[in-house]
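*Asks:* Supplied in structure tokens, the structure appears directly below.
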Number of protein chains: 2
Amino acid sequence: MTTRFKIHKKNLKKFIYPESVAIIGANNVKGTVPHDILLNILNTGFNGKIFPVSPGEKFIAEVKAYKYVVDIADPIDLAIIVFPSSVCHLALEQCGQKGIKAVIIISAGFKEVGEAGLEREKKLKEIAEKYDMSVIGPNCLGIINTDPGLNLNASFARKMPEEGNIGFLSQSGALCTAVLDYARAKHIGFSKFISFGNKVDINEIDLLCYLGDDEKTKIILIYLEEIRDGRALMKTASDIISKRGKPILILKAGRTKAGASAAASHTGSLAGSDEICDAAFEQAGIIRCDNIEEMFNNAIAFAYQPLPENNRIAIITNAGGPGVLTTDAAIDEGLELAGFSEETIKILKKNLPTTANIRNPIDVVGDARDDRYNIAMSNAFKDDNVDGVFVILTPQSMTDIDLIAHEVVKVSGQYNNKPVYTSFMGEADVSVGIDILQRNKIPHYSLPENMCKSFACVYNFKKRSNHKAVEPKVFAEIDKIMAHTVLDEAIKTGRSYLPEEESVRIIESYGLPVLENGVANSKEQAVHIADKIGYPVVMKVISDDIVHKFDVKGVVLNIKSAKEVQEAYTSIRENVEHLRHDARIKGIFITKMIPAGEEVILGIKRDPSFGPVIMFGLGGIFVEIFKDVCFRVAPVSKQVASSMIQQLKTYQILSGKRGNPPRDIEAILDCIMRLSQMAVECPQIQELDINPLIVLDENKGCFVADAKIML
Amino acid sequence: MTTRFKIHKKNLKKFIYPESVAIIGANNVKGTVPHDILLNILNTGFNGKIFPVSPGEKFIAEVKAYKYVVDIADPIDLAIIVFPSSVCHLALEQCGQKGIKAVIIISAGFKEVGEAGLEREKKLKEIAEKYDMSVIGPNCLGIINTDPGLNLNASFARKMPEEGNIGFLSQSGALCTAVLDYARAKHIGFSKFISFGNKVDINEIDLLCYLGDDEKTKIILIYLEEIRDGRALMKTASDIISKRGKPILILKAGRTKAGASAAASHTGSLAGSDEICDAAFEQAGIIRCDNIEEMFNNAIAFAYQPLPENNRIAIITNAGGPGVLTTDAAIDEGLELAGFSEETIKILKKNLPTTANIRNPIDVVGDARDDRYNIAMSNAFKDDNVDGVFVILTPQSMTDIDLIAHEVVKVSGQYNNKPVYTSFMGEADVSVGIDILQRNKIPHYSLPENMCKSFACVYNFKKRSNHKAVEPKVFAEIDKIMAHTVLDEAIKTGRSYLPEEESVRIIESYGLPVLENGVANSKEQAVHIADKIGYPVVMKVISDDIVHKFDVKGVVLNIKSAKEVQEAYTSIRENVEHLRHDARIKGIFITKMIPAGEEVILGIKRDPSFGPVIMFGLGGIFVEIFKDVCFRVAPVSKQVASSMIQQLKTYQILSGKRGNPPRDIEAILDCIMRLSQMAVECPQIQELDINPLIVLDENKGCFVADAKIML
């Protein structure tokens, strides 16, 4: 017996499986939302009691109406408020008095219209809390539950969708109308269809938990405009995916392209909120979709067919051109064309005409009828080298479209451990075949390219589900007190950033490898420090007033002897005093000269939805040009850190391909994990750049060569 | 009066506007290709004479049939052969005897089935040449001409398409059936629809010329699987685009991913044939499409609406979510959301409800009917800040879908100097509105994302048409004799590649800046050369037997004095003799030590379809990792060379952004142009790499630091 997910908000069952429903604000005016909702509930054969509430009517649509909800004697599970926004709070107050625990507020005119609406929305929240009620909405379409034991359409959608195993959640109500219309044309069914609007109380995470446990729901789709608690979303989603095996597909709108130029760090400017959202979804195993079509293309693949064991596909077509196009697309998506067994080739050769191509793609030729498709499909399914079958059809003059569609349904039913996907190309004449496929739950795609994309999506989900996630390691030997002391002190004195010499102390306290260093306030001290470090060394001025040390000739590189240390000490002080006589010099920072190695960048950023995030990528002058960087929500396990490195093109350099020496990737992994712990444990750090981290050859380690921290 | 394009093949008018047609191989068996073609010609009301030819029938479909084509007394403009492939040559021979000049061979079973078919196809070619006949096919669908003065459907397509201004050419016959079915459902019309199959004689370039001059054709679409003469295609296409203003859209299948590892040069391994095809299309102004849907999405935008003056769009929607999704997509595609004038905002404020959003995107709110759409559209069109209008609709319960569609047609007709694009989201209920839009030539897109893509496609076409192409400069002071002497000599001695010291001579003869250099065969000579060049210098061993000079310690860098030259001379000879005692040393190559600068790569490659191609990109260790390179078919003008540099991410480094010094881009341009001339004038060069070309600061020039040539 699996444990149920914690339902953050109570009463969800009353929303989704109510035994009695009150519609508050119902009326008799056809073509209005209040009237349509009541009719929808009545017409779909809702298996419970219905109570219209209306200030002015005695009967609505021949059902007895009540003036106030408190006038109803029976207990009410669910109230639906459709009053104008200005009086919704009054109705909600009465629901509280009546003891109703689940309320949907359909009405718009709240947060989305500005200040006055926000005030009204706050009031709703207060009332709901006072009476311990749960509220969905306001500004939503309502709830649909296709469970034949209930049949509830408590929404103003034009029509009830078919029953199915897809659960759909949407922040936008209007978009739902387009989705339902799209789905109905394609016979795509839903288990639950819930629009949650402004989320005054119940949000996507509460509903996600519910659908995670809902036995009628096999796949979960969400349309989101705003993510408030990204971490909770990730946690809930990844639990549902790993423990229930339910894929979660999200269409996230509102990708803001905030000007990156203003950001203070590379990490800040590279980490747009959309890139972080991408990374977080990927980390949680959520499939991000770019539009409604892509979302449903993937959804039907998950909903209708078994997951493929591997990526080897067989293509069956009655036309060469589409076979070529599909092959191109399949290879692009990382699929493989199956190599058929000798047995399969023999049977195909014997049973197909000589003009047919019996290698993959199988071309059954333009005058093919259902019998040839049957032979090609049956034998492709049977072949152990095939993990999935693609059936393509073009409407040539002899093509019996409907019979071939029926054949696909029949044969795929006989081999139901392997998926079949179809593309009947065209639109008018092929529609009869497409309709047969869609009614029989065979995924159909107008474009073979999209068929390949969806197979790849499902295959990648399956592949990922084979890996077990590992908990991030927690490093124990951290000098947290040191780190917090430096950070808190800087914040207390009102500083917004830490220069290299202080950043390095914090980084060092988390065990990242910094170059040996020291601060000198006299020539003698400088020589002493340099002698201790060992030559060559680098010397840099320390001053709160100087950001670009090179510009004031405040840096000397490659110092090879005590004598050169003394000369450098003098020249730095003189240069800075000459060029910036107002700058207060706090000392001279001395570090070991950086050995040659590959330059990478590490960073921390705080995202408003997802919290602390870390970045890894190619460093040096190319960092903002090639943007070969990636992000993860902190903390990260070694497994995840490893995926960061391997995801980049830079990995080819680090791993020693193309004539480069292999670098110390283990040392980078250690740095990433330690930095991710720092990101979580030091909320004072707003942004951090380690640029560059110099990575030496295998087993030789790496070194932080420069760093800054923004508070 | 514009000049007509040279029609490569004669008789095209007889194919497309025939006055009499013979169908050779016609029969009375329903559901067969020969029968279907005859019926198609009869049923579409062909305005000319029809002569069935059949060995066994007296009448076919109530039309008198002839035993042989030579039996027909009337002159015949066009013959269509639908016999089995084994006897087509006999029918073609008779067409020759009869004096027919235009023949379509529908039959399959030629080149596409292998050796025997190829033989049959050669025979057809011979017969056609003997009688000076033009042939389309074999292995094709036929020709459709929707001109109401003719009405010819000489194909085995199921149905005649609507009349329109799109010309369609296809190498695949079967794909045509899908395209026609797709187009018919969407009321997309064609001017001419021609399937040319195996191109035994007439090819895509001949037909492209014809459509370039055809007054009924405004846009040309081509599906291609194989490009034989890429340069002719580019030339014809770019003439039609610039002189006739007709957009050309090509869907090119068969993107081969040949393993790059075997290639001998960076240029070779980076230049896949598909990348070169992309570059060549871009250079010619051809719009490359990835699939049928994208092709027609763009085609209807060109076919139905005026080109936009600029990229500022107004979005009108009845739902917030789709407004957000469309804004995201528009920005991604490089469009701008128009800022409305004060006047527009005032009128919208006065005439739309207070809950409406009157800024762009205009949200007319969920209960909007046609009147609100009218207000929003009219005022958006009127506003001088708006270049195009996007109308989005979701099917909410009060949405009068059909009336709104009619309103779009009406209002856009009143403002027909600006384009309107639409997206009615959903599928079932919205279909009534979509049908109205499609019948009235309003571009409709199921996905707002595709609407944005197509607008961007049209806008980019318009923007490009404002630029005038410049002829490539021909450098006169080239030492061609030197270059050819070195190359021919190397080829004569059976060598497949030229080492640095010889490659440099050829590169120098084309005026590219090489480092001062010389070859020494004694210590004294080495000192003499180094003194003349000026220090520091580099010395490298010359030997045909050594490819990797560093591996045998055959290179010494940064030599600063005559004494060091002598030491280096000795050590190189000793090292090589010690490590590779079998290698014959031909001398020591001495060059000036390379000054510091940015490393870029230049290259030449020969493509089987497009001939000499040049490459430019980021050099150094990143070249094959970031693949920040681009290609052009040679020769290139300064304008095109400039576009190569600006297209790359590396341009940000070269142009001095992000703290880098600006580099000498003029010097790179000169190198690219000279190299492109070399590529054309020296067909002996199979591949060439200049890697790196070191680019110095502005006005300081650049230098070839290493080069190799493959023969």
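In the structure tokens, the first chain shown is A, the next is B, and so on; residue numbers restart at 1 for each chain, and ligands run from 1 in the order shown.
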For a quick test of understanding: name the residues of chain A lying within 7 Å of chain B when counting only C-alpha atoms, and present them as a PDB file with N, CA and C atoms, in the first residue's frame.
*Replies:*
ATOM      1  N   GLY A  31     -27.130  32.359 -21.917  1.00  0.00           N
ATOM      2  CA  GLY A  31     -25.922  32.953 -22.483  1.00  0.00           C
ATOM      3  C   GLY A  31     -25.099  33.729 -21.470  1.00  0.00           C
ATOM      4  N   VAL A 113      -7.188  42.853 -12.091  1.00  0.00           N
ATOM      5  CA  VAL A 113      -7.589  44.174 -12.590  1.00  0.00           C
ATOM      6  C   VAL A 113      -6.923  45.307 -11.800  1.00  0.00           C
ATOM      7  N   PHE A 156     -18.048  26.824 -16.852  1.00  0.00           N
ATOM      8  CA  PHE A 156     -18.785  27.389 -17.971  1.00  0.00           C
ATOM      9  C   PHE A 156     -18.146  27.021 -19.312  1.00  0.00           C
ATOM     10  N   ALA A 157     -17.498  25.856 -19.351  1.00  0.00           N
ATOM     11  CA  ALA A 157     -17.028  25.335 -20.636  1.00  0.00           C
ATOM     12  C   ALA A 157     -18.234  25.009 -21.497  1.00  0.00           C
ATOM     13  N   ARG A 158     -18.065  25.116 -22.813  1.00  0.00           N
ATOM     14  CA  ARG A 158     -19.207  24.895 -23.702  1.00  0.00           C
ATOM     15  C   ARG A 158     -19.713  23.450 -23.644  1.00  0.00           C
ATOM     16  N   SER A 172      -5.033  29.788 -16.271  1.00  0.00           N
ATOM     17  CA  SER A 172      -5.904  30.633 -17.092  1.00  0.00           C
ATOM     18  C   SER A 172      -7.209  29.911 -17.364  1.00  0.00           C
ATOM     19  N   ALA A 174      -9.583  31.127 -19.618  1.00  0.00           N
ATOM     20  CA  ALA A 174      -9.916  31.254 -21.036  1.00  0.00           C
ATOM     21  C   ALA A 174      -9.156  30.238 -21.867  1.00  0.00           C
ATOM     22  N   LEU A 175      -7.898  30.006 -21.492  1.00  0.00           N
ATOM     23  CA  LEU A 175      -7.115  29.038 -22.248  1.00  0.00           C
ATOM     24  C   LEU A 175      -7.775  27.659 -22.207  1.00  0.00           C
ATOM     25  N   THR A 177     -10.831  26.965 -22.406  1.00  0.00           N
ATOM     26  CA  THR A 177     -11.875  26.804 -23.422  1.00  0.00           C
ATOM     27  C   THR A 177     -11.250  26.358 -24.737  1.00  0.00           C
ATOM     28  N   ALA A 178     -10.065  26.910 -25.054  1.00  0.00           N
ATOM     29  CA  ALA A 178      -9.378  26.493 -26.271  1.00  0.00           C
ATOM     30  C   ALA A 178      -8.898  25.050 -26.146  1.00  0.00           C
ATOM     31  N   VAL A 179      -8.404  24.686 -24.967  1.00  0.00           N
ATOM     32  CA  VAL A 179      -7.894  23.333 -24.751  1.00  0.00           C
ATOM     33  C   VAL A 179      -9.019  22.308 -24.881  1.00  0.00           C
ATOM     34  N   ASP A 181     -11.802  22.608 -26.511  1.00  0.00           N
ATOM     35  CA  ASP A 181     -12.267  22.561 -27.898  1.00  0.00           C
ATOM     36  C   ASP A 181     -11.292  21.751 -28.759  1.00  0.00           C
ATOM     37  N   TYR A 182     -10.007  21.960 -28.498  1.00  0.00           N
ATOM     38  CA  TYR A 182      -8.948  21.228 -29.201  1.00  0.00           C
ATOM     39  C   TYR A 182      -9.057  19.735 -28.899  1.00  0.00           C
ATOM     40  N   ARG A 184     -11.594  17.992 -27.703  1.00  0.00           N
ATOM     41  CA  ARG A 184     -12.830  17.337 -28.129  1.00  0.00           C
ATOM     42  C   ARG A 184     -12.736  16.894 -29.582  1.00  0.00           C
ATOM     43  N   ALA A 185     -12.137  17.779 -30.432  1.00  0.00           N
ATOM     44  CA  ALA A 185     -12.014  17.433 -31.849  1.00  0.00           C
ATOM     45  C   ALA A 185     -11.158  16.192 -32.041  1.00  0.00           C
ATOM     46  N   ALA A 253       3.930  29.979 -19.237  1.00  0.00           N
ATOM     47  CA  ALA A 253       3.911  31.208 -20.037  1.00  0.00           C
ATOM     48  C   ALA A 253       4.627  32.321 -19.291  1.00  0.00           C
ATOM     49  N   GLY A 254       4.832  33.448 -19.975  1.00  0.00           N
ATOM     50  CA  GLY A 254       5.419  34.622 -19.327  1.00  0.00           C
ATOM     51  C   GLY A 254       6.906  34.521 -19.148  1.00  0.00           C
ATOM     52  N   ARG A 255       7.600  34.131 -20.197  1.00  0.00           N
ATOM     53  CA  ARG A 255       9.056  34.099 -20.140  1.00  0.00           C
ATOM     54  C   ARG A 255       9.571  35.522 -20.235  1.00  0.00           C
ATOM     55  N   ALA A 319       5.054   5.948 -49.109  1.00  0.00           N
ATOM     56  CA  ALA A 319       5.648   6.976 -49.967  1.00  0.00           C
ATOM     57  C   ALA A 319       7.068   7.250 -49.523  1.00  0.00           C
ATOM     58  N   GLY A 321       9.162   9.959 -50.035  1.00  0.00           N
ATOM     59  CA  GLY A 321       9.461  11.298 -49.508  1.00  0.00           C
ATOM     60  C   GLY A 321       9.227  11.407 -48.004  1.00  0.00           C
ATOM     61  N   PRO A 322       8.005  11.094 -47.557  1.00  0.00           N
ATOM     62  CA  PRO A 322       7.742  11.152 -46.114  1.00  0.00           C
ATOM     63  C   PRO A 322       8.648  10.216 -45.310  1.00  0.00           C
ATOM     64  N   VAL A 324      11.775   9.649 -45.973  1.00  0.00           N
ATOM     65  CA  VAL A 324      13.026  10.386 -45.823  1.00  0.00           C
ATOM     66  C   VAL A 324      12.883  11.472 -44.760  1.00  0.00           C
ATOM     67  N   LEU A 325      11.788  12.245 -44.828  1.00  0.00           N
ATOM     68  CA  LEU A 325      11.557  13.316 -43.863  1.00  0.00           C
ATOM     69  C   LEU A 325      11.513  12.761 -42.439  1.00  0.00           C
ATOM     70  N   ASP A 328      15.037  11.701 -41.225  1.00  0.00           N
ATOM     71  CA  ASP A 328      15.754  12.916 -40.813  1.00  0.00           C
ATOM     72  C   ASP A 328      15.349  13.326 -39.396  1.00  0.00           C
ATOM     73  N   THR A 355       8.846  -4.066 -55.795  1.00  0.00           N
ATOM     74  CA  THR A 355       9.174  -2.637 -55.782  1.00  0.00           C
ATOM     75  C   THR A 355       9.222  -2.070 -54.357  1.00  0.00           C
ATOM     76  N   GLY A 366       3.069   3.063 -53.261  1.00  0.00           N
ATOM     77  CA  GLY A 366       1.885   3.924 -53.397  1.00  0.00           C
ATOM     78  C   GLY A 366       0.547   3.233 -53.540  1.00  0.00           C
ATOM     79  N   THR A 394       0.149   8.401 -46.985  1.00  0.00           N
ATOM     80  CA  THR A 394      -0.246   9.542 -47.817  1.00  0.00           C
ATOM     81  C   THR A 394      -1.452   9.086 -48.634  1.00  0.00           C
ATOM     82  N   PRO A 395      -2.402   9.985 -48.883  1.00  0.00           N
ATOM     83  CA  PRO A 395      -3.676   9.582 -49.524  1.00  0.00           C
ATOM     84  C   PRO A 395      -3.527   9.483 -51.037  1.00  0.00           C
ATOM     85  N   GLN A 396      -2.979   8.383 -51.529  1.00  0.00           N
ATOM     86  CA  GLN A 396      -2.853   8.213 -52.964  1.00  0.00           C
ATOM     87  C   GLN A 396      -4.164   7.652 -53.505  1.00  0.00           C
ATOM     88  N   SER A 397      -4.279   7.604 -54.821  1.00  0.00           N
ATOM     89  CA  SER A 397      -5.631   7.342 -55.346  1.00  0.00           C
ATOM     90  C   SER A 397      -6.145   5.963 -54.953  1.00  0.00           C
ATOM     91  N   MET A 398      -5.230   5.006 -54.702  1.00  0.00           N
ATOM     92  CA  MET A 398      -5.711   3.664 -54.360  1.00  0.00           C
ATOM     93  C   MET A 398      -5.694   3.344 -52.863  1.00  0.00           C
ATOM     94  N   MET A 425      -0.804  11.741 -43.472  1.00  0.00           N
ATOM     95  CA  MET A 425      -0.488  13.094 -43.925  1.00  0.00           C
ATOM     96  C   MET A 425      -1.527  13.637 -44.897  1.00  0.00           C
ATOM     97  N   GLY A 426      -1.860  14.902 -44.720  1.00  0.00           N
ATOM     98  CA  GLY A 426      -2.901  15.548 -45.507  1.00  0.00           C
ATOM     99  C   GLY A 426      -3.871  16.173 -44.525  1.00  0.00           C
ATOM    100  N   GLU A 427      -5.136  16.306 -44.913  1.00  0.00           N
ATOM    101  CA  GLU A 427      -6.094  16.806 -43.932  1.00  0.00           C
ATOM    102  C   GLU A 427      -7.525  16.438 -44.289  1.00  0.00           C
ATOM    103  N   ALA A 428      -7.906  16.628 -45.527  1.00  0.00           N
ATOM    104  CA  ALA A 428      -9.317  16.416 -45.880  1.00  0.00           C
ATOM    105  C   ALA A 428      -9.639  14.921 -45.985  1.00  0.00           C
ATOM    106  N   ASP A 429      -9.113  14.255 -47.000  1.00  0.00           N
ATOM    107  CA  ASP A 429      -9.446  12.844 -47.225  1.00  0.00           C
ATOM    108  C   ASP A 429      -8.962  11.943 -46.095  1.00  0.00           C
ATOM    109  N   ILE A 625      29.576  35.244 -24.222  1.00  0.00           N
ATOM    110  CA  ILE A 625      29.385  35.164 -25.673  1.00  0.00           C
ATOM    111  C   ILE A 625      28.800  33.810 -26.058  1.00  0.00           C
ATOM    112  N   PHE A 626      29.396  32.752 -25.560  1.00  0.00           N
ATOM    113  CA  PHE A 626      28.859  31.437 -25.918  1.00  0.00           C
ATOM    114  C   PHE A 626      27.820  30.943 -24.925  1.00  0.00           C
ATOM    115  N   LYS A 649      29.050  21.919 -23.747  1.00  0.00           N
ATOM    116  CA  LYS A 649      30.007  21.681 -24.817  1.00  0.00           C
ATOM    117  C   LYS A 649      31.428  21.692 -24.256  1.00  0.00           C
TER     118      LYS A 649
END
*Asks:* Taking only segment 50-278 of chain A into account, list the residues labelled alpha helix (DSSP H) by DSSP (computed from the backbone), as number ranges by chain.
*Replies:* A: 88-98, 115-131, 173-185, 204-213, 230-239, 266-270, 273-278
*Asks:* Name all residues at most 10 Å from Ile645 of chain B (count only C-alpha atoms; drop same-chain ones fewer than 4 positions away) and give them as a PyMOL selection string.
*Replies:* chain B and resi 616-618+629-630+640-641+649-652+654-655+665+668-669+672
*Asks:* Report as a list of chain:residue names all protein, DNA and RNA residues lying within 8 Å of Asp706 of chain B, evaluated on only C-alpha atoms, omitting residues in the same chain fewer than 2 positions from it.
*Replies:*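 Non-adjacent residues within range: B:Glu500, B:Val504, B:Ile690, B:Asn691, B:Pro692, B:Leu693, B:Val704, B:Lys708.
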*Asks:* Among segment 81-305 of chain B, which residues carry a DSSP assignment of strand (DSSP E), reported as a PyMOL selection string?
*Replies:* chain B and resi 81+102-105+134-136+142-145+152-155+163-170+190-195+219-224+248-252+287-289
*Asks:* Suppose we keep C-alpha atoms; can you now write the selection as a CSV table (one decimal), in the first residue's frame?
*Replies:*
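As written to disk, selection.csv reads:
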chain,number,residue,atom,x,y,z
B,81,ILE,CA,2.6,7.8,-70.7
B,102,ALA,CA,6.2,17.4,-74.6
B,103,VAL,CA,5.9,14.0,-72.7
B,104,ILE,CA,5.1,13.3,-69.1
B,105,ILE,CA,6.1,9.8,-67.9
B,134,SER,CA,11.1,17.3,-73.6
B,135,VAL,CA,10.2,14.9,-70.8
B,136,ILE,CA,8.9,15.3,-67.3
B,142,GLY,CA,1.7,14.7,-63.3
B,143,ILE,CA,0.7,18.3,-63.9
B,144,ILE,CA,-2.2,20.4,-62.6
B,145,ASN,CA,-3.0,23.9,-64.1
B,152,LEU,CA,-6.0,20.8,-66.6
B,153,ASN,CA,-5.6,18.0,-64.1
B,154,ALA,CA,-3.2,15.7,-65.8
B,155,SER,CA,-2.4,13.8,-62.6
B,163,GLU,CA,-7.2,28.1,-58.0
B,164,GLY,CA,-4.7,30.4,-56.3
B,165,ASN,CA,-1.4,32.2,-56.7
B,166,ILE,CA,1.0,29.5,-55.3
B,167,GLY,CA,3.1,27.5,-57.7
B,168,PHE,CA,4.2,24.1,-56.3
B,169,LEU,CA,7.0,21.9,-57.6
B,170,SER,CA,7.7,18.5,-56.1
B,190,PHE,CA,-2.5,26.8,-56.5
B,191,SER,CA,-1.7,28.3,-59.9
B,192,LYS,CA,0.4,25.4,-61.2
B,193,PHE,CA,1.1,22.1,-59.4
B,194,ILE,CA,3.9,20.1,-61.0
B,195,SER,CA,5.5,16.8,-59.9
B,219,ILE,CA,4.9,32.5,-54.6
B,220,ILE,CA,6.9,29.4,-55.5
B,221,LEU,CA,7.1,26.3,-53.3
B,222,ILE,CA,9.5,23.4,-54.0
B,223,TYR,CA,9.9,20.0,-52.3
B,224,LEU,CA,13.4,18.7,-53.2
B,248,ILE,CA,10.8,31.0,-53.1
B,249,LEU,CA,10.2,28.4,-50.3
B,250,ILE,CA,12.0,25.1,-50.4
B,251,LEU,CA,11.5,22.0,-48.2
B,252,LYS,CA,14.7,20.0,-48.7
B,287,ILE,CA,13.4,30.5,-47.6
B,288,ARG,CA,14.2,27.0,-46.3
B,289,CYS,CA,11.3,25.3,-44.5
*Asks:* Can you tell me, as a PyMOL selection string, what residues are no more than 8 Å from Val633 of chain A when counting only C-alpha atoms, ignoring any on the same chain fewer than 4 positions away?
*Replies:* chain A and resi 276+279-280+283+610-614
*Asks:* Save the residues we just selected, C-alpha atoms, as a PDB file, in the first residue's frame?
*Replies:*
ATOM      1  CA  ILE A 276      16.304  28.699 -14.186  1.00  0.00           C
ATOM      2  CA  ALA A 279      16.767  23.857 -15.196  1.00  0.00           C
ATOM      3  CA  ALA A 280      14.467  23.344 -12.212  1.00  0.00           C
ATOM      4  CA  GLN A 283      15.987  18.607 -12.281  1.00  0.00           C
ATOM      5  CA  PHE A 610      13.237  28.723  -6.911  1.00  0.00           C
ATOM      6  CA  GLY A 611      15.577  30.223  -4.278  1.00  0.00           C
ATOM      7  CA  PRO A 612      19.315  29.490  -4.324  1.00  0.00           C
ATOM      8  CA  VAL A 613      20.575  28.393  -7.715  1.00  0.00           C
ATOM      9  CA  ILE A 614      24.080  27.483  -8.816  1.00  0.00           C
TER      10      ILE A 614
END
*Asks:* If you measure from atom CA of Phe281 of chain A to atom CA of Arg231 of chain A, what distance in Å do you get, rounded to one decimal?
*Replies:* 10.2 Å
*Asks:* Extract, using only C-alpha atoms, all DNA, RNA and protein residues at most 12 Å from Ala232 of chain A, discarding same-chain residues fewer than 2 positions from it, and format them as a PyMOL selection string.
*Replies:* chain A and resi 8+203-206+208-209+227-230+234-239+280-281+284+609-611
